[in-house]
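The next block holds one structure in the form of structure tokens; read it before the comments.
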Number of protein chains: 2
Amino acid sequence: MSTITPEPKSAPEGVQPLSPDEEALVRTLNRVIYALPRALDAYMVREQRLPSIDYLTLMHLSEAPERQLRMSELASACEMSLSGMTRVVQKLEGQGFVQRVRCEEDARGWNAVLTDAGFARLEEAWPTQVAAVRRHFLDHLAGLDLKALAKALENVAT
Amino acid sequence: MSTITPEPKSAPEGVQPLSPDEEALVRTLNRVIYALPRALDAYMVREQRLPSIDYLTLMHLSEAPERQLRMSELASACEMSLSGMTRVVQKLEGQGFVQRVRCEEDARGWNAVLTDAGFARLEEAWPTQVAAVRRHFLDHLAGLDLKALAKALENVAT
DNA sequence: CATCCTTGCTTGACGTCGCAACTATAGACC
DNA sequence: GGTCTATAGTTGCGACGTCAAGCAAGGATG
């Protein structure tokens with residue numbers, strides 16, 4: 001059985017089978033989806049001792065007004081569950097990169113605030129992140145229309 | 001601080017900063033990398049009670065000669081560590097979808113063999129997998145050169 | 001202002017994954 | 001053929017991520 005292309009009898013439910021081009025693309029996607037995140041994360045950990053998710057968290061905080069964000073906003077920016085975000089922020093707090101303060105307008109909420117140490121850590125890690133992304137991703141995209149691809153991926157992400 | 005674009009002082013190490021197009025693409029990539037695998041897997045689990053990694057394992061076995069593969073080959077096909085693969089196969093074996101037999105030529109090795117039940121399970125799950133991939137990925141790629149993209153991702157995966 | 005539902009976040013329990021350590025077999029060398 | 005190293009695979013363990021349950025505060029309703 002090919003990946004996705006059915007044997008004749010197995011596509012009875014009105015599913016539109018994949019064209020050969022689609023099939024090839026999906027096959028590759030399956031590899032990329034597993035390999036790429038691990039490669040990027042491993043690179044960041046090896047070079048900077050800073051997992052991708054931590055980097056992303058610090059990054060989003062650094063871009064927010066007052067360098068702070070509600071837990072739920074941070075979670076959705078990082079595409080992570082709220083509980084997962086809680087634990088990431090707890091860890092970063094323990095490392096002194098983030099502080100947590102009660103939200104003014106809503107006493108149920110917490111704001112994660114980037115500390116100066118956290119900002120410095122982000123600056124330190126930045127070149128490694130760029131290198132990782134170039135090496136594992138951008139460098140392989142020669143000849144593609146980056147604008148179009150970005151737009152497409154934007155839709156995929158939603 | 002923008003994602004990846006440095007503030008002036010923070011790019012001293014000869015790292016080539018990202019162009020705006022690259023920057024936008026990388027931002028989106030970060031979201032896709034986290035969201036897409038989880039979305040696909042969640043869809044498969046919800047609709048078929050079959051995690052993506054299990055599907056992929058059954059699929060690769062179904063395509064192999066005699067429907068069997070050495071553990072290490074299976075692991076690299078699935079972009080997974082050998083130990084991770086061991087546990088996936090143990091689980092699938094418990095469900096009766098694969099069997100393990102000693103490798104003829106090399107008594108250190110094991111072959112994972114797809115059972116008839118496993119093949120049937122794969123056929124059952126196939127339309128859901130296609131639907132998931134269409135819905136979460138292919139449908140958003142209108143207007144892109146699929147061949148070129150596939151080739152690019154092929155390089156990324158390596 | 002008492003009640004009830006909702007929302008924001010944390011915690012507990014659980015499953016998954018990878019690394020490092022371990023076992024068993026293969027193969028090379030003498 | 002005994003020893004020594006390399007390879008295939010499994011297992012112990014720690015890190016991490018999700019879901020479901022819990023808790024505390026908001027907000028609507030009478």
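Within each chain, counting starts at residue 1; across the structure tokens, chains are named A, B, ... in the order shown, with ligands numbered 1 upward in that order.
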Margin query: For a quick test of understanding: name the residues of chain C lying within 12 Å of chain B when counting only C-alpha atoms (C1' of nucleotides), and present them as a PyMOL selection string.
Written below: chain C and resi 15-20+23-27
For C-alpha atoms (C1' of nucleotides), I'd like the residues from the last selection saved as a compact mmCIF listing (two decimals), in the first residue's frame.
```txt
# COMPACT_ATOMS: atom_id res chain seq x y z
C1' DG C 15 1.75 8.86 28.16
C1' DT C 16 5.67 9.69 25.14
C1' DC C 17 10.41 10.47 23.76
C1' DG C 18 15.38 10.50 23.91
C1' DC C 19 19.78 9.55 26.08
C1' DA C 20 22.80 6.61 28.43
C1' DT C 23 22.81 -7.29 27.07
C1' DA C 24 23.62 -10.21 23.34
C1' DT C 25 25.46 -11.32 19.02
C1' DA C 26 28.70 -10.45 15.06
C1' DG C 27 32.99 -9.97 13.09
```
Next item on the list: Select from chain B everything DSSP, run on the backbone, classes as helix (DSSP H, G or I), then give the selection as a VMD selection string.
Entry: chain B and resid 8 to 10 20 to 48 52 to 63 65 to 67 71 to 77 82 to 94 116 to 136 138 to 140 146 to 156
Residues just named, written with C-alpha atoms as a compact mmCIF listing (two decimals), in the first residue's frame:
```
# COMPACT_ATOMS: atom_id res chain seq x y z
CA PRO B 8 21.88 46.85 16.13
CA LYS B 9 24.17 45.88 18.95
CA SER B 10 23.16 42.27 19.06
CA PRO B 20 12.05 40.75 6.05
CA ASP B 21 10.74 37.93 3.86
CA GLU B 22 12.84 35.38 5.66
CA GLU B 23 11.82 36.81 8.98
CA ALA B 24 8.14 36.53 8.15
CA LEU B 25 8.60 33.00 6.92
CA VAL B 26 10.49 31.91 10.00
CA ARG B 27 7.89 33.38 12.27
CA THR B 28 5.25 31.35 10.54
CA LEU B 29 7.44 28.29 10.50
CA ASN B 30 7.68 28.47 14.27
CA ARG B 31 3.93 28.33 14.54
CA VAL B 32 3.51 25.57 11.98
CA ILE B 33 6.18 23.39 13.50
CA TYR B 34 4.34 23.26 16.78
CA ALA B 35 0.76 23.40 15.58
CA LEU B 36 0.69 21.11 12.58
CA PRO B 37 2.01 17.87 14.02
CA ARG B 38 -0.25 18.22 17.02
CA ALA B 39 -3.26 19.03 14.86
CA LEU B 40 -2.71 16.05 12.59
CA ASP B 41 -2.11 13.71 15.47
CA ALA B 42 -5.09 14.97 17.42
CA TYR B 43 -7.28 14.50 14.36
CA MET B 44 -6.11 10.92 13.87
CA VAL B 45 -6.59 10.09 17.52
CA ARG B 46 -10.03 11.64 17.65
CA GLU B 47 -11.32 10.06 14.45
CA GLN B 48 -9.49 6.76 14.44
CA SER B 52 0.11 9.51 13.64
CA ILE B 53 3.23 7.67 14.66
CA ASP B 54 1.36 4.37 14.74
CA TYR B 55 -0.13 5.06 11.35
CA LEU B 56 3.26 5.89 9.93
CA THR B 57 4.74 2.72 11.34
CA LEU B 58 2.05 0.52 9.85
CA MET B 59 2.37 2.37 6.57
CA HIS B 60 6.09 1.85 6.25
CA LEU B 61 5.73 -1.81 7.08
CA SER B 62 2.99 -2.23 4.50
CA GLU B 63 5.30 -0.90 1.82
CA PRO B 65 9.09 -6.31 1.01
CA GLU B 66 7.27 -9.10 2.85
CA ARG B 67 5.71 -6.36 4.92
CA MET B 71 13.80 -2.16 13.85
CA SER B 72 16.54 0.24 12.87
CA GLU B 73 15.22 0.69 9.36
CA LEU B 74 11.75 1.28 10.68
CA ALA B 75 13.08 3.81 13.15
CA SER B 76 14.84 5.84 10.52
CA ALA B 77 11.88 5.65 8.16
CA LEU B 82 15.49 3.36 18.10
CA SER B 83 14.27 3.27 21.67
CA GLY B 84 11.15 5.16 20.76
CA MET B 85 10.53 2.72 17.94
CA THR B 86 10.94 -0.21 20.29
CA ARG B 87 8.10 1.06 22.43
CA VAL B 88 5.82 1.88 19.52
CA VAL B 89 6.30 -1.62 18.15
CA GLN B 90 5.73 -3.17 21.56
CA LYS B 91 2.43 -1.36 21.75
CA LEU B 92 1.40 -2.33 18.22
CA GLU B 93 2.39 -5.90 18.96
CA GLY B 94 0.12 -5.88 22.00
CA ASP B 116 -3.29 -9.03 8.48
CA ALA B 117 -5.03 -7.24 11.31
CA GLY B 118 -2.46 -4.49 11.06
CA PHE B 119 -2.99 -4.17 7.35
CA ALA B 120 -6.72 -4.02 7.84
CA ARG B 121 -6.27 -1.33 10.47
CA LEU B 122 -4.20 0.67 8.04
CA GLU B 123 -6.82 0.42 5.34
CA GLU B 124 -9.43 1.49 7.80
CA ALA B 125 -7.45 4.52 8.88
CA TRP B 126 -6.28 5.57 5.48
CA PRO B 127 -9.17 7.85 4.49
CA THR B 128 -8.88 9.71 7.76
CA GLN B 129 -5.20 10.28 7.20
CA VAL B 130 -5.85 11.66 3.73
CA ALA B 131 -8.57 13.89 5.05
CA ALA B 132 -6.33 15.15 7.83
CA VAL B 133 -3.53 15.98 5.47
CA ARG B 134 -5.82 17.69 3.01
CA ARG B 135 -7.60 19.69 5.61
CA HIS B 136 -4.63 20.79 7.62
CA LEU B 138 -2.70 20.59 1.22
CA ASP B 139 -5.81 22.70 1.12
CA HIS B 140 -3.79 25.74 2.10
CA LEU B 146 4.05 21.45 -5.32
CA LYS B 147 6.92 19.78 -7.11
CA ALA B 148 9.33 22.54 -6.15
CA LEU B 149 8.09 22.57 -2.60
CA ALA B 150 8.41 18.81 -2.30
CA LYS B 151 11.96 18.99 -3.53
CA ALA B 152 12.81 21.76 -1.07
CA LEU B 153 11.30 19.90 1.85
CA GLU B 154 13.15 16.80 0.77
CA ASN B 155 16.38 18.69 1.34
CA VAL B 156 15.12 20.07 4.63
```
Next item on the list: Do me a favour and pick out the residues of chain D within 10 Å of chain A, using only C-alpha atoms (C1' of nucleotides), as a PyMOL selection string.
Entry: chain D and resi 16-19+24-26
Just write the chosen residues, N, CA and C atoms (P, O5', C5', C4', C3', O3' and C1' of nucleotides), as a PDB file, in the first residue's frame.
```
ATOM      1  P    DC D  16      12.669  19.930  30.337  1.00  0.00           P
ATOM      2  O5'  DC D  16      11.348  19.551  29.534  1.00  0.00           O
ATOM      3  C5'  DC D  16      11.466  18.891  28.279  1.00  0.00           C
ATOM      4  C4'  DC D  16      10.096  18.457  27.801  1.00  0.00           C
ATOM      5  C3'  DC D  16       8.994  19.493  28.069  1.00  0.00           C
ATOM      6  O3'  DC D  16       8.190  19.554  26.915  1.00  0.00           O
ATOM      7  C1'  DC D  16       8.318  17.409  28.844  1.00  0.00           C
ATOM      8  P    DG D  17       7.381  20.886  26.551  1.00  0.00           P
ATOM      9  O5'  DG D  17       6.017  20.370  25.932  1.00  0.00           O
ATOM     10  C5'  DG D  17       5.942  19.206  25.115  1.00  0.00           C
ATOM     11  C4'  DG D  17       4.544  18.649  25.223  1.00  0.00           C
ATOM     12  C3'  DG D  17       3.493  19.684  25.620  1.00  0.00           C
ATOM     13  O3'  DG D  17       2.388  19.699  24.725  1.00  0.00           O
ATOM     14  C1'  DG D  17       3.452  17.849  27.123  1.00  0.00           C
ATOM     15  P    DT D  18       1.132  20.667  24.938  1.00  0.00           P
ATOM     16  O5'  DT D  18      -0.038  19.612  25.228  1.00  0.00           O
ATOM     17  C5'  DT D  18      -0.087  18.372  24.531  1.00  0.00           C
ATOM     18  C4'  DT D  18      -1.112  17.455  25.184  1.00  0.00           C
ATOM     19  C3'  DT D  18      -2.428  18.165  25.535  1.00  0.00           C
ATOM     20  O3'  DT D  18      -3.516  17.451  24.953  1.00  0.00           O
ATOM     21  C1'  DT D  18      -1.545  17.020  27.445  1.00  0.00           C
ATOM     22  P    DC D  19      -4.969  18.095  24.946  1.00  0.00           P
ATOM     23  O5'  DC D  19      -5.771  17.284  26.061  1.00  0.00           O
ATOM     24  C5'  DC D  19      -5.659  15.875  26.109  1.00  0.00           C
ATOM     25  C4'  DC D  19      -6.221  15.363  27.441  1.00  0.00           C
ATOM     26  C3'  DC D  19      -7.532  16.054  27.872  1.00  0.00           C
ATOM     27  O3'  DC D  19      -8.385  15.045  28.418  1.00  0.00           O
ATOM     28  C1'  DC D  19      -5.934  16.250  29.586  1.00  0.00           C
ATOM     29  P    DA D  24      -8.889  28.238  46.773  1.00  0.00           P
ATOM     30  O5'  DA D  24      -8.678  29.700  46.194  1.00  0.00           O
ATOM     31  C5'  DA D  24      -7.617  29.974  45.292  1.00  0.00           C
ATOM     32  C4'  DA D  24      -8.068  31.050  44.326  1.00  0.00           C
ATOM     33  C3'  DA D  24      -9.001  32.091  44.949  1.00  0.00           C
ATOM     34  O3'  DA D  24      -8.594  33.352  44.472  1.00  0.00           O
ATOM     35  C1'  DA D  24      -9.985  31.192  43.024  1.00  0.00           C
ATOM     36  P    DA D  25      -9.055  34.692  45.222  1.00  0.00           P
ATOM     37  O5'  DA D  25      -9.798  35.456  44.045  1.00  0.00           O
ATOM     38  C5'  DA D  25      -9.018  35.862  42.922  1.00  0.00           C
ATOM     39  C4'  DA D  25      -9.947  36.145  41.789  1.00  0.00           C
ATOM     40  C3'  DA D  25     -10.997  37.224  42.085  1.00  0.00           C
ATOM     41  O3'  DA D  25     -10.877  38.231  41.092  1.00  0.00           O
ATOM     42  C1'  DA D  25     -11.990  35.292  41.122  1.00  0.00           C
ATOM     43  P    DG D  26     -11.846  39.469  41.069  1.00  0.00           P
ATOM     44  O5'  DG D  26     -12.810  39.081  39.873  1.00  0.00           O
ATOM     45  C5'  DG D  26     -12.235  39.047  38.571  1.00  0.00           C
ATOM     46  C4'  DG D  26     -13.280  38.695  37.545  1.00  0.00           C
ATOM     47  C3'  DG D  26     -14.411  39.706  37.421  1.00  0.00           C
ATOM     48  O3'  DG D  26     -14.598  39.944  36.034  1.00  0.00           O
ATOM     49  C1'  DG D  26     -15.290  37.548  37.856  1.00  0.00           C
TER      50       DG D  26
END
```
Notebook entry, point to check: Which one is closest to chain A: B:Val101, B:Leu18, B:Val113, B:Leu69? Count only C-alpha atoms.
Noted result: B:Leu18
Note to self: According to DSSP computed on the backbone, where in chain A is there strand (DSSP E or B)? Give the residues as number ranges by chain.
What the structure shows: A: 68-70, 98-102, 110-114
Item checked: Nearest to chain A, chosen from B:Gln68, B:Gln95, B:Arg102, B:Glu79, with only C-alpha atoms counted in the distances ->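 Checking each candidate against chain A, we get B:Glu79 as the closest.
Interatomic distance, CA of Ala157 in chain A against CA of Gln16 in chain B: 26.7 Å.
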Next item on the list: Tell me, in Å to one decimal, how far C1' of DC4 in chain C is from C1' of DG22 in chain D.
Entry: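 C1' of DC4 in chain C sits 17.5 Å away from C1' of DG22 in chain D.
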Next item on the list: Tell me, in Å to one decimal, how far CA of Thr115 in chain A is from CA of Gly96 in chain A.
Entry: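 Spanning CA of Thr115 in chain A to CA of Gly96 in chain A is a straight-line distance of 7.2 Å.
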